[in-house]
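Working notes for the structure below.
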Amino acid sequence: MTTQAQAPESTDDTPQERILSMVQAINEALDVGMTIDETVFELGEDIQDPAGGGFKIHKGLSTKFGLERVRPTPISEQAIMGAAVGAAIAGMRPVAEIMLMNFLAVASDQLINHAAKLRYMSGGQTKVPLVVRTTTGAGGGFGAQHSDMLEAQLTHTPGLKVVVPSTPADAKGLLLSSIFDDDPVVFVEMFMLYFTQKGHVPPGDYRVPLGKLRTAREGSDVTLVSWGRQVHDCIGVAEKLAGDGINAEVIDLRTLVPLDREGLLNAVAGTKRAVIVHEAVRRGGYGAELAATISEELFGELAGPVRRVGGAETPVPYARNLEAEYLPHAGRIEQAVRSLF
């Protein structure tokens, strides 16, 4: 499959740059996308004003663009996904919201068995320019059926692209790139970042290319590989370790598919040690794929085994103390890093 040409990533600090939350950055990306291309539209549950969605991400958009382009739907994930797939193959660029990631399972036939395969099965003739935005993550006390990180299930499906931003600027830039990509993209937002992460976000049509990782912290002794919320946990651990003379690099994959394989291998080759950190259950997680890739390509160069830190092998607990222990918290990340020295 091919990817539509992306606008170059911009890193300029401009006078117009603002401090936005993740929610505001995503809202702005949707606003820009619908402004510059009339084939872009949204659909999902309760996304219209005045509610503007459960987290206010769509606030103001139905007032500006009308209910033809910000379409509230019944509580039916199958209907949302089916309509979005149909619209995409008919030439539109739908942005479908599946309120919580666990509910993707309800619409998996439309997503995995149709959207992901149509371009391949048509010999490249049928594009599916569809974005599925969804929210998840432990730490909010939402319980086992509303908190799972299921990215491994998605990355295992050929034909799907999978994006997990960790900063407001990336949330805007990656979402706009996803909207104007010709393949189906699942855009995973971690709700614990919605209001806690604020930062500079370039105005206008700002895009971050899919398939290009970000170095969140320079380092020379060990590479911490992560995405989403855990990038910030890794940076915190790296700062602590610096006091003990361990200079840890942190890389944010940003997109799991397409993976910046060259960037990943170059980073680990530079430090010769790798710790992969993700929120999903460790067993069978995407970290296992990354660990295998690093081991296959760099086996003779590594100073130690690739370590993985993931969620506990249990459904996400509702009790807050158990939920905190379920997460790959700083103590477990630090322990994994120290085991390599």
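We label chains A, B, ... in the order they appear in the structure tokens, count residues from 1 in each chain, and number ligands from 1 in the order shown.
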
Once you count only C-alpha atoms, what closest atom pair and distance in Å to one decimal does each residue of stretch 229-281 of chain A within 8 Å of stretch 299-322 of chain A have, with rows by chain and rising residue number, as JSON lines?
{"residue": "A:Ala269", "atom": "CA", "partner": "A:Glu301", "partner_atom": "CA", "distance": 7.1}
{"residue": "A:Lys272", "atom": "CA", "partner": "A:Leu302", "partner_atom": "CA", "distance": 4.6}
{"residue": "A:Arg273", "atom": "CA", "partner": "A:Ala303", "partner_atom": "CA", "distance": 6.0}
{"residue": "A:Ala274", "atom": "CA", "partner": "A:Val306", "partner_atom": "CA", "distance": 5.2}
{"residue": "A:Val275", "atom": "CA", "partner": "A:Arg307", "partner_atom": "CA", "distance": 4.6}
{"residue": "A:Ile276", "atom": "CA", "partner": "A:Arg308", "partner_atom": "CA", "distance": 4.7}
{"residue": "A:Val277", "atom": "CA", "partner": "A:Val309", "partner_atom": "CA", "distance": 4.8}
{"residue": "A:His278", "atom": "CA", "partner": "A:Gly310", "partner_atom": "CA", "distance": 5.0}
{"residue": "A:Glu279", "atom": "CA", "partner": "A:Gly311", "partner_atom": "CA", "distance": 5.1}
{"residue": "A:Ala280", "atom": "CA", "partner": "A:Gly311", "partner_atom": "CA", "distance": 5.1}
{"residue": "A:Val281", "atom": "CA", "partner": "A:Gly311", "partner_atom": "CA", "distance": 4.2}

### Message
For the strand (DSSP E or B) assignment from backbone DSSP, which residues of stretch 101-277 of chain A qualify? Please present them as a VMD selection string.
### Response
chain A and resid 131 to 136 161 to 163 185 to 190 198 to 201 214 to 217 222 to 226 248 to 252 255 to 257 274 to 277

### Task
DSSP on the backbone, then: every residue of stretch 45-151 of chain A marked alpha helix (DSSP H), written as an NGL selection string.
:A and (61-65 or 77-89 or 108-110 or 118-121 or 151)

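The shortest atom-to-atom distance to A:Met34, with only C-alpha atoms taken into account, belongs to A:Asp205 out of A:Glu189, A:Asp205, A:Asp244, A:Glu97.
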
### Task
Compile the contact shell of A:Thr167 as a VMD selection string: residues with an atom at most 9 Å away, counting only C-alpha atoms, same-chain residues fewer than 2 positions apart removed.
chain A and resid 21 to 22 165 169 to 172 193 197 to 199 228 to 229

### Query
A:Gly263, A:Pro328, A:Pro74, A:Gly243: which is nearest A:Arg282, counting only C-alpha atoms?
A:Pro328

### Task
Counting only C-alpha atoms, figure out which residue out of A:Tyr194, A:Phe55, A:Phe103, A:Phe341 gets nearest to A:Gly245.
A:Phe341

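Comparing A:Arg338, A:His58, A:Arg119, A:His156 by their smallest distance to A:Asp221, the closest is A:Arg338 (using only C-alpha atoms).
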
### Task
Excluding stretch 121-126 of chain A and any residue of its chain fewer than 4 positions from it, enumerate the residues within 10 Å of it, using only C-alpha atoms, and give them as a ChimeraX atom specification.
/A:1-2,88-91,114,116-117,182-183

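Counting from atom CA of A:Val231, the distance to atom CA of A:Gly53 is 26.3 Å.
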
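Shortest atom-to-atom contact with A:Leu256 among A:Glu218, A:Glu151, A:Asp181, A:Asp233: A:Glu151, counting only C-alpha atoms.
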
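Shortest atom-to-atom contact with A:Phe180 among A:Val250, A:Val128, A:Ala105, A:Lys64: A:Val128, counting only C-alpha atoms.
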
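Excluding A:Lys59 itself and any same-chain residue fewer than 5 positions from it, the protein and nucleic acid residues within 10 Å of it, counting only C-alpha atoms, are Val23, Gln24, Asn27, Ile47, Gln48, Asp49, Pro50, Ala51, Gly52, Gly53, Gly54 and Lys64 of chain A.
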
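As for atom CA of A:Val257 and atom CA of A:Val32, they are spaced 24.1 Å apart.
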
### Task
Please provide as a PyMOL selection string all residues within 8 Å of A:Arg254, with the sequence filter that same-chain residues fewer than 4 positions apart are discarded (counting only C-alpha atoms).
chain A and resi 163-166+170+210-214+227-228

### Shell of 8 Å around A:Thr136, only C-alpha atoms, local chain residues under 4 positions omitted, as a ChimeraX atom specification
/A:100-102,146-149,188-191

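Atom CA of A:Thr63 sits 26.3 Å away from atom CA of A:Gln78.
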